[in-house]
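J.: Below is the file upload.cif, which contains mmCIF, C-alpha atoms (C1' of nucleotides).
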data_entry
#
loop_
_atom_site.group_PDB
_atom_site.id
_atom_site.type_symbol
_atom_site.label_atom_id
_atom_site.label_comp_id
_atom_site.auth_asym_id
_atom_site.auth_seq_id
_atom_site.Cartn_x
_atom_site.Cartn_y
_atom_site.Cartn_z
ATOM 1 C CA MET A 8 35.265 -0.371 -1.885
ATOM 2 C CA CYS A 9 35.259 -3.803 -3.214
ATOM 3 C CA THR A 10 36.130 -5.265 -6.637
ATOM 4 C CA PRO A 11 39.411 -3.436 -6.458
ATOM 5 C CA SER A 12 40.643 -4.248 -9.930
ATOM 6 C CA LEU A 13 37.716 -5.644 -11.830
ATOM 7 C CA PRO A 14 35.439 -3.095 -13.429
ATOM 8 C CA ASP A 15 33.681 -6.026 -15.048
ATOM 9 C CA ALA A 16 30.091 -5.798 -16.016
ATOM 10 C CA ALA A 17 28.000 -8.728 -14.890
ATOM 11 C CA GLY A 18 27.800 -9.769 -18.509
ATOM 12 C CA GLU A 19 31.540 -10.162 -18.635
ATOM 13 C CA LEU A 20 31.444 -12.755 -15.922
ATOM 14 C CA ALA A 21 29.004 -14.697 -18.050
ATOM 15 C CA ALA A 22 31.299 -14.305 -21.022
ATOM 16 C CA ILE A 23 34.194 -15.692 -19.035
ATOM 17 C CA GLU A 24 32.091 -18.642 -17.986
ATOM 18 C CA ARG A 25 31.201 -19.173 -21.611
ATOM 19 C CA ALA A 26 34.780 -18.882 -22.796
ATOM 20 C CA ALA A 27 35.856 -21.369 -20.151
ATOM 21 C CA ARG A 28 33.389 -23.927 -21.461
ATOM 22 C CA LEU A 29 34.687 -23.280 -24.917
ATOM 23 C CA PHE A 30 38.266 -23.860 -23.798
ATOM 24 C CA ARG A 31 37.222 -26.990 -21.977
ATOM 25 C CA ALA A 32 35.719 -28.337 -25.179
ATOM 26 C CA LEU A 33 39.029 -27.688 -26.906
ATOM 27 C CA GLY A 34 41.010 -29.060 -23.999
ATOM 28 C CA GLU A 35 41.043 -32.711 -24.795
ATOM 29 C CA THR A 36 43.508 -34.264 -27.143
ATOM 30 C CA SER A 37 41.009 -36.444 -28.956
ATOM 31 C CA ARG A 38 38.611 -33.602 -29.540
ATOM 32 C CA LEU A 39 41.326 -31.224 -30.583
ATOM 33 C CA ARG A 40 42.720 -33.777 -33.016
ATOM 34 C CA LEU A 41 39.257 -34.128 -34.427
ATOM 35 C CA LEU A 42 39.037 -30.391 -34.935
ATOM 36 C CA VAL A 43 42.408 -30.264 -36.614
ATOM 37 C CA THR A 44 41.210 -32.999 -38.917
ATOM 38 C CA LEU A 45 38.093 -31.036 -39.725
ATOM 39 C CA ALA A 46 40.242 -28.006 -40.445
ATOM 40 C CA GLN A 47 41.454 -29.862 -43.531
ATOM 41 C CA GLY A 48 37.896 -30.204 -44.748
ATOM 42 C CA GLU A 49 34.505 -31.596 -43.897
ATOM 43 C CA ALA A 50 34.055 -35.191 -42.865
ATOM 44 C CA CYS A 51 31.213 -37.489 -41.949
ATOM 45 C CA VAL A 52 31.135 -39.197 -38.587
ATOM 46 C CA SER A 53 32.022 -42.620 -39.939
ATOM 47 C CA ASP A 54 35.114 -41.366 -41.706
ATOM 48 C CA ALA A 55 36.181 -39.288 -38.745
ATOM 49 C CA ALA A 56 35.843 -42.354 -36.558
ATOM 50 C CA ALA A 57 37.912 -44.345 -39.023
ATOM 51 C CA TRP A 58 40.680 -41.734 -39.172
ATOM 52 C CA ALA A 59 40.783 -41.577 -35.399
ATOM 53 C CA GLY A 60 40.562 -45.314 -34.961
ATOM 54 C CA ASP A 61 37.703 -44.895 -32.514
ATOM 55 C CA GLU A 62 34.151 -46.085 -32.130
ATOM 56 C CA LEU A 63 31.430 -44.335 -34.043
ATOM 57 C CA SER A 64 29.535 -43.373 -30.945
ATOM 58 C CA THR A 65 32.672 -42.070 -29.312
ATOM 59 C CA VAL A 66 33.255 -39.648 -32.149
ATOM 60 C CA SER A 67 29.599 -38.743 -32.215
ATOM 61 C CA GLN A 68 29.759 -37.795 -28.566
ATOM 62 C CA ARG A 69 32.868 -35.746 -29.156
ATOM 63 C CA LEU A 70 31.144 -33.890 -31.953
ATOM 64 C CA ARG A 71 28.190 -33.357 -29.692
ATOM 65 C CA VAL A 72 30.380 -31.518 -27.214
ATOM 66 C CA LEU A 73 32.027 -29.482 -29.940
ATOM 67 C CA ARG A 74 28.674 -28.606 -31.436
ATOM 68 C CA ALA A 75 27.306 -27.550 -28.079
ATOM 69 C CA GLU A 76 30.012 -24.904 -28.003
ATOM 70 C CA GLY A 77 29.439 -23.828 -31.568
ATOM 71 C CA LEU A 78 32.814 -25.039 -32.710
ATOM 72 C CA VAL A 79 31.645 -27.183 -35.610
ATOM 73 C CA SER A 80 29.119 -26.916 -38.418
ATOM 74 C CA ARG A 81 26.905 -29.715 -39.591
ATOM 75 C CA ARG A 82 25.031 -30.421 -42.781
ATOM 76 C CA ARG A 83 23.423 -33.436 -44.360
ATOM 77 C CA GLU A 84 24.571 -34.786 -47.680
ATOM 78 C CA GLY A 85 22.637 -37.828 -48.805
ATOM 79 C CA LYS A 86 22.744 -40.327 -46.018
ATOM 80 C CA ARG A 87 25.790 -38.825 -44.400
ATOM 81 C CA ILE A 88 26.126 -35.885 -42.097
ATOM 82 C CA LEU A 89 29.147 -33.731 -42.758
ATOM 83 C CA TYR A 90 30.891 -31.852 -40.002
ATOM 84 C CA GLY A 91 33.326 -29.000 -40.423
ATOM 85 C CA LEU A 92 34.873 -26.150 -38.473
ATOM 86 C CA ALA A 93 32.265 -23.577 -37.575
ATOM 87 C CA ASP A 94 34.216 -20.525 -38.685
ATOM 88 C CA ARG A 95 37.606 -18.952 -39.107
ATOM 89 C CA HIS A 96 37.528 -17.781 -35.515
ATOM 90 C CA VAL A 97 37.759 -21.356 -34.350
ATOM 91 C CA ALA A 98 40.650 -22.109 -36.642
ATOM 92 C CA ASP A 99 42.465 -19.033 -35.340
ATOM 93 C CA LEU A 100 41.990 -20.133 -31.772
ATOM 94 C CA ILE A 101 43.366 -23.572 -32.515
ATOM 95 C CA PHE A 102 46.367 -22.467 -34.527
ATOM 96 C CA ASN A 103 47.238 -19.764 -32.002
ATOM 97 C CA ALA A 104 47.306 -22.404 -29.328
ATOM 98 C CA LEU A 105 49.402 -24.703 -31.470
ATOM 99 C CA GLU A 106 51.896 -21.917 -32.017
ATOM 100 C CA HIS A 107 52.068 -21.174 -28.328
ATOM 101 C CA ALA A 108 52.447 -24.877 -27.623
ATOM 102 C CA MET A 109 55.383 -25.130 -29.985
ATOM 103 C CA GLU A 110 57.115 -21.961 -28.817
ATOM 104 C CA GLY A 111 56.577 -22.675 -25.150
ATOM 105 C CA ARG A 112 59.137 -24.413 -23.005
ATOM 106 C CA PRO A 113 59.153 -28.204 -22.802
ATOM 107 C CA ALA A 114 56.957 -28.203 -19.724
ATOM 108 C CA SER A 115 59.902 -28.434 -17.351
ATOM 109 C CA GLU A 116 60.760 -25.140 -15.765
ATOM 110 C CA PRO A 117 61.534 -25.924 -12.112
ATOM 111 C CA PHE A 118 61.492 -22.444 -10.721
ATOM 112 C CA ARG A 119 63.385 -19.692 -12.522
ATOM 113 C CA LYS A 120 64.063 -17.304 -9.724
ATOM 114 C CA ASP A 121 63.016 -14.162 -11.494
ATOM 115 C CA GLU A 122 61.134 -13.911 -14.685
ATOM 116 C CA PRO A 123 61.037 -10.210 -15.364
ATOM 117 C CA LYS A 124 58.671 -10.248 -18.277
ATOM 118 C CA ALA A 125 55.060 -9.881 -17.313
ATOM 119 C CA TYR A 126 52.622 -8.865 -19.963
ATOM 120 C CA VAL A 127 50.009 -6.285 -19.077
ATOM 121 C CA SER A 128 47.010 -5.842 -21.268
ATOM 122 C CA HIS A 129 46.221 -2.494 -22.859
ATOM 123 C CA ASP A 130 43.774 -1.598 -20.121
ATOM 124 C CA SER A 131 40.418 -3.042 -21.023
ATOM 125 C CA HIS A 132 39.017 -4.835 -24.024
ATOM 126 C CA ARG A 133 35.539 -3.458 -23.708
ATOM 127 C CA MET B 18 42.814 -42.926 -49.837
ATOM 128 C CA CYS B 19 44.727 -43.606 -46.766
ATOM 129 C CA THR B 20 45.666 -40.969 -44.223
ATOM 130 C CA PRO B 21 43.318 -39.036 -46.383
ATOM 131 C CA SER B 22 43.616 -35.731 -44.709
ATOM 132 C CA LEU B 23 46.399 -35.777 -42.163
ATOM 133 C CA PRO B 24 49.909 -35.177 -43.432
ATOM 134 C CA ASP B 25 50.878 -34.596 -39.813
ATOM 135 C CA ALA B 26 54.405 -35.089 -38.668
ATOM 136 C CA ALA B 27 54.772 -36.969 -35.434
ATOM 137 C CA GLY B 28 55.759 -33.708 -33.807
ATOM 138 C CA GLU B 29 52.436 -32.207 -34.674
ATOM 139 C CA LEU B 30 50.650 -34.832 -32.661
ATOM 140 C CA ALA B 31 52.765 -33.805 -29.712
ATOM 141 C CA ALA B 32 51.919 -30.177 -30.373
ATOM 142 C CA ILE B 33 48.226 -30.990 -30.365
ATOM 143 C CA GLU B 34 48.607 -32.819 -27.084
ATOM 144 C CA ARG B 35 50.390 -29.783 -25.734
ATOM 145 C CA ALA B 36 47.798 -27.374 -27.009
ATOM 146 C CA ALA B 37 45.057 -29.482 -25.478
ATOM 147 C CA ARG B 38 46.697 -29.252 -22.065
ATOM 148 C CA LEU B 39 46.956 -25.541 -22.551
ATOM 149 C CA PHE B 40 43.266 -25.279 -23.387
ATOM 150 C CA ARG B 41 42.406 -27.446 -20.420
ATOM 151 C CA ALA B 42 44.277 -25.051 -18.162
ATOM 152 C CA LEU B 43 42.216 -22.209 -19.596
ATOM 153 C CA GLY B 44 39.029 -24.205 -19.438
ATOM 154 C CA GLU B 45 37.918 -23.536 -15.942
ATOM 155 C CA THR B 46 36.005 -20.498 -14.898
ATOM 156 C CA SER B 47 38.002 -19.811 -11.772
ATOM 157 C CA ARG B 48 41.326 -20.065 -13.537
ATOM 158 C CA LEU B 49 40.163 -18.012 -16.474
ATOM 159 C CA ARG B 50 38.836 -15.322 -14.156
ATOM 160 C CA LEU B 51 42.200 -15.308 -12.473
ATOM 161 C CA LEU B 52 43.925 -14.804 -15.805
ATOM 162 C CA VAL B 53 41.591 -12.008 -16.760
ATOM 163 C CA THR B 54 42.394 -10.392 -13.442
ATOM 164 C CA LEU B 55 46.100 -10.728 -14.111
ATOM 165 C CA ALA B 56 45.573 -9.168 -17.519
ATOM 166 C CA GLN B 57 44.882 -5.926 -15.686
ATOM 167 C CA GLY B 58 48.260 -6.130 -14.014
ATOM 168 C CA GLU B 59 50.434 -8.222 -11.756
ATOM 169 C CA ALA B 60 49.183 -9.431 -8.426
ATOM 170 C CA CYS B 61 50.516 -11.405 -5.497
ATOM 171 C CA VAL B 62 48.837 -14.590 -4.417
ATOM 172 C CA SER B 63 47.290 -13.102 -1.315
ATOM 173 C CA ASP B 64 45.655 -10.287 -3.213
ATOM 174 C CA ALA B 65 44.465 -12.574 -5.970
ATOM 175 C CA ALA B 66 42.918 -14.812 -3.351
ATOM 176 C CA ALA B 67 41.239 -11.831 -1.781
ATOM 177 C CA TRP B 68 39.828 -10.585 -5.107
ATOM 178 C CA ALA B 69 38.524 -14.046 -5.881
ATOM 179 C CA GLY B 70 37.208 -14.635 -2.379
ATOM 180 C CA ASP B 71 39.025 -17.962 -2.224
ATOM 181 C CA GLU B 72 41.558 -19.660 -0.020
ATOM 182 C CA LEU B 73 45.196 -18.838 -0.440
ATOM 183 C CA SER B 74 46.164 -22.387 -1.219
ATOM 184 C CA THR B 75 43.362 -22.721 -3.723
ATOM 185 C CA VAL B 76 44.669 -19.791 -5.713
ATOM 186 C CA SER B 77 48.204 -21.055 -5.342
ATOM 187 C CA GLN B 78 47.191 -24.373 -6.874
ATOM 188 C CA ARG B 79 45.422 -22.616 -9.683
ATOM 189 C CA LEU B 80 48.518 -20.599 -10.410
ATOM 190 C CA ARG B 81 50.529 -23.775 -10.319
ATOM 191 C CA VAL B 82 48.453 -25.214 -13.131
ATOM 192 C CA LEU B 83 48.678 -22.025 -15.130
ATOM 193 C CA ARG B 84 52.405 -21.845 -14.607
ATOM 194 C CA ALA B 85 52.873 -25.428 -15.678
ATOM 195 C CA GLU B 86 51.449 -24.420 -19.045
ATOM 196 C CA GLY B 87 53.521 -21.297 -19.299
ATOM 197 C CA LEU B 88 50.525 -19.022 -19.085
ATOM 198 C CA VAL B 89 51.739 -16.820 -16.247
ATOM 199 C CA SER B 90 54.961 -15.153 -15.232
ATOM 200 C CA ARG B 91 56.289 -14.941 -11.716
ATOM 201 C CA ARG B 92 58.728 -12.668 -9.951
ATOM 202 C CA ARG B 93 59.551 -11.885 -6.401
ATOM 203 C CA GLU B 94 59.204 -8.423 -4.976
ATOM 204 C CA GLY B 95 60.155 -8.174 -1.332
ATOM 205 C CA LYS B 96 58.255 -10.822 0.511
ATOM 206 C CA ARG B 97 55.615 -11.136 -2.128
ATOM 207 C CA ILE B 98 55.579 -13.069 -5.337
ATOM 208 C CA LEU B 99 53.948 -11.286 -8.209
ATOM 209 C CA TYR B 100 52.178 -13.153 -10.975
ATOM 210 C CA GLY B 101 51.225 -11.803 -14.351
ATOM 211 C CA LEU B 102 50.267 -12.938 -17.809
ATOM 212 C CA ALA B 103 53.162 -14.678 -19.500
ATOM 213 C CA ASP B 104 52.948 -12.831 -22.798
ATOM 214 C CA ARG B 105 50.723 -11.154 -25.319
ATOM 215 C CA HIS B 106 50.009 -14.478 -26.952
ATOM 216 C CA VAL B 107 48.127 -15.589 -23.880
ATOM 217 C CA ALA B 108 46.104 -12.419 -23.781
ATOM 218 C CA ASP B 109 45.215 -12.881 -27.448
ATOM 219 C CA LEU B 110 44.043 -16.401 -26.831
ATOM 220 C CA ILE B 111 41.830 -15.299 -23.980
ATOM 221 C CA PHE B 112 40.310 -12.310 -25.679
ATOM 222 C CA ASN B 113 39.708 -14.233 -28.876
ATOM 223 C CA ALA B 114 37.787 -16.792 -26.887
ATOM 224 C CA LEU B 115 35.835 -14.079 -25.106
ATOM 225 C CA GLU B 116 34.864 -12.586 -28.427
ATOM 226 C CA HIS B 117 33.765 -15.926 -29.774
ATOM 227 C CA ALA B 118 31.847 -16.545 -26.573
ATOM 228 C CA MET B 119 29.977 -13.277 -26.949
ATOM 229 C CA GLU B 120 29.243 -13.644 -30.647
ATOM 230 C CA GLY B 121 28.220 -17.277 -30.387
ATOM 231 C CA ARG B 122 24.640 -18.327 -29.954
ATOM 232 C CA PRO B 123 23.137 -18.636 -26.458
ATOM 233 C CA ALA B 124 24.012 -22.323 -26.240
ATOM 234 C CA SER B 125 20.595 -23.407 -27.437
ATOM 235 C CA GLU B 126 20.578 -24.510 -31.034
ATOM 236 C CA PRO B 127 18.439 -27.666 -31.170
ATOM 237 C CA PHE B 128 19.293 -28.921 -34.618
ATOM 238 C CA ARG B 129 19.219 -26.480 -37.519
ATOM 239 C CA LYS B 130 18.600 -28.781 -40.421
ATOM 240 C CA ASP B 131 21.252 -27.414 -42.713
ATOM 241 C CA GLU B 132 24.041 -25.159 -41.790
ATOM 242 C CA PRO B 133 25.714 -24.427 -45.093
ATOM 243 C CA LYS B 134 28.728 -22.582 -43.757
ATOM 244 C CA ALA B 135 31.687 -24.790 -43.018
ATOM 245 C CA TYR B 136 35.019 -23.158 -42.724
ATOM 246 C CA VAL B 137 37.986 -24.846 -44.380
ATOM 247 C CA SER B 138 41.467 -23.891 -43.396
ATOM 248 C CA HIS B 139 43.963 -22.540 -45.911
ATOM 249 C CA ASP B 140 45.615 -25.898 -46.386
ATOM 250 C CA SER B 141 48.277 -26.431 -43.752
ATOM 251 C CA HIS B 142 49.963 -24.298 -41.148
ATOM 252 C CA ARG B 143 53.284 -26.033 -41.492
ATOM 253 C "C1'" DC C 22 5.553 -48.368 -46.993
ATOM 254 C "C1'" DT C 23 9.596 -50.798 -45.339
ATOM 255 C "C1'" DG C 24 14.192 -51.960 -44.434
ATOM 256 C "C1'" DT C 25 18.514 -50.211 -43.867
ATOM 257 C "C1'" DC C 26 22.112 -47.055 -43.193
ATOM 258 C "C1'" DA C 27 24.293 -43.389 -40.574
ATOM 259 C "C1'" DC C 28 24.093 -41.380 -36.729
ATOM 260 C "C1'" DT C 29 22.411 -40.095 -31.901
ATOM 261 C "C1'" DT C 30 21.402 -40.796 -27.159
ATOM 262 C "C1'" DG C 31 21.077 -42.865 -22.207
ATOM 263 C "C1'" DA C 32 23.183 -45.144 -18.625
ATOM 264 C "C1'" DA C 33 27.175 -47.223 -16.350
ATOM 265 C "C1'" DC C 34 31.750 -47.308 -15.428
ATOM 266 C "C1'" DA C 35 36.307 -45.581 -14.914
ATOM 267 C "C1'" DT C 36 39.298 -41.674 -14.906
ATOM 268 C "C1'" DC C 37 40.581 -37.271 -14.003
ATOM 269 C "C1'" DT C 38 40.442 -32.785 -11.658
ATOM 270 C "C1'" DA C 39 39.499 -29.085 -8.231
ATOM 271 C "C1'" DT C 40 39.273 -27.801 -3.574
ATOM 272 C "C1'" DT C 41 40.617 -27.979 1.039
ATOM 273 C "C1'" DC C 42 43.321 -28.704 5.348
ATOM 274 C "C1'" DA C 43 47.626 -29.422 7.333
ATOM 275 C "C1'" DA C 44 52.283 -29.431 7.141
ATOM 276 C "C1'" DG C 45 56.501 -27.758 4.765
ATOM 277 C "C1'" DT C 46 59.703 -24.307 2.480
ATOM 278 C "C1'" DG C 47 62.492 -20.441 2.027
ATOM 279 C "C1'" DA C 48 63.546 -15.680 1.612
ATOM 280 C "C1'" DT C 49 63.279 -11.480 4.309
ATOM 281 C "C1'" DG C 50 63.805 -8.359 8.000
ATOM 282 C "C1'" DG C 51 65.439 -7.483 12.419
ATOM 283 C "C1'" DC D 19 71.111 -16.134 13.139
ATOM 284 C "C1'" DC D 20 66.171 -16.582 14.078
ATOM 285 C "C1'" DA D 21 61.366 -15.732 13.706
ATOM 286 C "C1'" DT D 22 58.017 -14.653 10.591
ATOM 287 C "C1'" DC D 23 55.628 -13.891 6.505
ATOM 288 C "C1'" DA D 24 54.052 -15.427 2.000
ATOM 289 C "C1'" DC D 25 53.591 -19.002 -0.380
ATOM 290 C "C1'" DT D 26 53.890 -24.069 -1.794
ATOM 291 C "C1'" DT D 27 52.910 -28.866 -1.568
ATOM 292 C "C1'" DG D 28 50.769 -33.650 -0.266
ATOM 293 C "C1'" DA D 29 46.933 -36.238 0.616
ATOM 294 C "C1'" DA D 30 41.997 -36.894 0.858
ATOM 295 C "C1'" DT D 31 37.548 -36.021 -0.678
ATOM 296 C "C1'" DA D 32 34.027 -34.780 -3.762
ATOM 297 C "C1'" DG D 33 32.455 -33.634 -8.187
ATOM 298 C "C1'" DA D 34 32.979 -33.598 -13.247
ATOM 299 C "C1'" DT D 35 33.999 -35.791 -17.641
ATOM 300 C "C1'" DG D 36 35.197 -39.376 -21.419
ATOM 301 C "C1'" DT D 37 34.330 -43.814 -23.267
ATOM 302 C "C1'" DT D 38 31.575 -47.575 -24.265
ATOM 303 C "C1'" DC D 39 27.552 -50.689 -25.079
ATOM 304 C "C1'" DA D 40 22.916 -51.000 -26.237
ATOM 305 C "C1'" DA D 41 18.923 -49.132 -27.743
ATOM 306 C "C1'" DG D 42 16.662 -45.368 -30.370
ATOM 307 C "C1'" DT D 43 15.875 -42.042 -34.372
ATOM 308 C "C1'" DG D 44 15.221 -40.470 -38.848
ATOM 309 C "C1'" DA D 45 16.022 -39.961 -43.705
ATOM 310 C "C1'" DC D 46 16.728 -42.261 -48.008
ATOM 311 C "C1'" DA D 47 16.559 -46.112 -51.430
ATOM 312 C "C1'" DG D 48 13.681 -49.437 -53.438
#
Rewrite the coordinates I just gave you, this time as C-alpha cells.

T.:
Amino acid sequence: MCTPSLPDAAGELAAIERAARLFRALGETSRLRLLVTLAQGEACVSDAAAWAGDELSTVSQRLRVLRAEGLVSRRREGKRILYGLADRHVADLIFNALEHAMEGRPASEPFRKDEPKAYVSHDSHR
Amino acid sequence: MCTPSLPDAAGELAAIERAARLFRALGETSRLRLLVTLAQGEACVSDAAAWAGDELSTVSQRLRVLRAEGLVSRRREGKRILYGLADRHVADLIFNALEHAMEGRPASEPFRKDEPKAYVSHDSHR
DNA sequence: CTGTCACTTGAACATCTATTCAAGTGATGG
DNA sequence: CCATCACTTGAATAGATGTTCAAGTGACAG
C-alpha cells in the first residue's frame, strides 16, 4: 500500500546513492577536464597540474576524489605516479554526457507550454 | 611539447563545462532517485513529492534544476503538470552509472600498489 | 643510509547548494 | 469572471565542497 511505483530492492537505493556520488565526482568542470585529459593517455600529477595551470596539491586532491569513486587508475613509474581513466565504462559515461551537452538546448528554454515527448524506460533494468 | 595532449577546440571547453553541470544535476541522491522514479513513467509534482516523502516545493525545486539541464520533460494535463525523463539518452546515462556503481569496489581501496590497467580512449571523439 | 623528488594529507577559508517557508502565478472549472 | 488548485519562486538558513598553504610520507638515486 505504499511505494506505489518503486519496486526497488533496498540494494537499489544504495546503488542510487553510489551513482549519485559518482556523478558528483564528475560534476565539476576542473575534475571533468582532468578526466578528459586523462582520456588521451596517462599523466603524472605534476604534468596534469601543469596542463591545468593549477597547484600540485589542488590536482592531487581532485585525483583523490576521482580515485575514491573508482574513476581513475594509478600506477608508479620510477619516481612518478601515473594516473589514467579506470576503464572504458568511465569514458563512455563522459562522452555520453558530452554528446548530450552538445545536442541539448543552450540552457535557455523559458517554458515551452507543452513538450509532448516524455521518455519511459523499458520497465525495469533489473 | 606544448598542449601536449589537448587538441581541444574552444567549443569543447564549453561542452565540458556543460557536461559538468549536467553531472552535477545528477549528482545528488534525492534528484537521482526522482529521475529513477520518472523512468518508470510520468508523474505530477504532488505525486512525486508524496512518493519521496518530501515537501511539494522541495520537489519542485529539484525538478527545476533537472529541467534547467534538459533532463526532464514537462507537459500539462488538466490541472496537473506531468514530468518525465527527457529522452533515452538520459536514461542511458543513469543506468550506465548505476551499473558502474554496482560493479565498482565497495569504496574501500586503501592503496593498491600497482594497478596496471589504465584505459586509453580511441584518440578523439571529434 | 641520506637527501631529494613527487606526491599526499590536514586544516582553514571561501563558495556553492539544498531545503524550507511564505508569497506569487496562472490555468482550470464552475 | 472568479475562486481554487497545482505548482513556482524568492529569500534565508544550514550544510557540503573546492582550493590553498604548510607539513608529512615514501620511494628512489647516490

J.: Of the candidates B:Glu94, B:Glu72, B:Glu59, B:Glu45, which shows the shortest atom-to-atom distance to C:DA48, using only C-alpha atoms (C1' of nucleotides)?

T.: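 Ranking B:Glu94, B:Glu72, B:Glu59, B:Glu45 by distance to C:DA48, first place goes to B:Glu94.
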
J.: For the provided coordinates, the residues matched by the PyMOL selection byres ((chain B) within 12 of (chain D)) should be stated as a VMD selection string.

T.: chain B and resid 45 61 to 64 66 73 to 81 93 to 99 130

J.: Taking all atoms listed in the file into account, report as a PyMOL selection string which residues of chain C lie within 10 Å of chain B.

T.: chain C and resi 39-42+48-50

J.: As an NGL selection string, could you give me every residue of chain A near chain B (at most 7 Å apart, counting only C-alpha atoms)?

T.: :A and (10 or 13 or 22-28 or 30-31 or 33-36 or 39-40 or 44 or 46-48 or 75-77 or 80-83 or 91-95 or 100 or 103-105 or 108-109 or 111 or 114 or 121-128 or 130)

J.: Report as AutoDock Vina command-line options the centre and the edge lengths, in Å to one decimal, of the axis-aligned box holding every listed atom of stretch 94-98 of chain A, padded by 4 Å on each side.

T.:
--center_x 37.4 --center_y -19.9 --center_z -36.7 --size_x 14.4 --size_y 12.3 --size_z 12.8

J.: Could you please determine the separation between atom CA of B:Leu52 and atom CA of A:Ala17 in Å, to one decimal place?

T.: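 Atom CA of A:Ala17 lies 17.1 Å from atom CA of B:Leu52.
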
J.: Between atom CA of A:Leu73 and atom C1' of C:DG31, what is the distance in Å, rounded to a tenth?

T.: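 Value for the atom CA of A:Leu73-atom C1' of C:DG31 distance: 18.9 Å.
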
J.: Can you give me N, CA and C atoms for stretch 57-71 of chain A, written as a short mmCIF file (atom, residue, chain, number, x, y, z; two decimals), in the frame of the given file?

T.:
data_model
loop_
_atom_site.label_atom_id
_atom_site.label_comp_id
_atom_site.auth_asym_id
_atom_site.auth_seq_id
_atom_site.Cartn_x
_atom_site.Cartn_y
_atom_site.Cartn_z
N ALA A 57 36.89 -43.49 -38.41
CA ALA A 57 37.91 -44.34 -39.02
C ALA A 57 39.29 -43.70 -38.92
N TRP A 58 39.38 -42.42 -39.27
CA TRP A 58 40.68 -41.73 -39.17
C TRP A 58 41.21 -41.86 -37.76
N ALA A 59 40.33 -41.62 -36.79
CA ALA A 59 40.78 -41.58 -35.40
C ALA A 59 41.02 -42.97 -34.83
N GLY A 60 40.44 -43.96 -35.50
CA GLY A 60 40.56 -45.31 -34.96
C GLY A 60 39.70 -45.53 -33.73
N ASP A 61 38.58 -44.80 -33.68
CA ASP A 61 37.70 -44.90 -32.51
C ASP A 61 36.31 -45.36 -32.91
N GLU A 62 35.53 -45.65 -31.91
CA GLU A 62 34.15 -46.08 -32.13
C GLU A 62 33.31 -44.95 -32.71
N LEU A 63 32.31 -45.33 -33.45
CA LEU A 63 31.43 -44.34 -34.04
C LEU A 63 30.78 -43.47 -32.97
N SER A 64 30.26 -44.13 -31.96
CA SER A 64 29.54 -43.37 -30.94
C SER A 64 30.47 -42.47 -30.15
N THR A 65 31.70 -42.91 -30.00
CA THR A 65 32.67 -42.07 -29.31
C THR A 65 32.85 -40.76 -30.05
N VAL A 66 33.05 -40.85 -31.34
CA VAL A 66 33.26 -39.65 -32.15
C VAL A 66 31.99 -38.80 -32.17
N SER A 67 30.86 -39.47 -32.22
CA SER A 67 29.60 -38.74 -32.22
C SER A 67 29.46 -37.91 -30.94
N GLN A 68 29.83 -38.53 -29.83
CA GLN A 68 29.76 -37.80 -28.57
C GLN A 68 30.74 -36.62 -28.55
N ARG A 69 31.89 -36.84 -29.11
CA ARG A 69 32.87 -35.75 -29.16
C ARG A 69 32.31 -34.59 -29.98
N LEU A 70 31.71 -34.93 -31.10
CA LEU A 70 31.14 -33.89 -31.95
C LEU A 70 29.99 -33.18 -31.25
N ARG A 71 29.29 -33.94 -30.45
CA ARG A 71 28.19 -33.36 -29.69
C ARG A 71 28.70 -32.24 -28.79
#
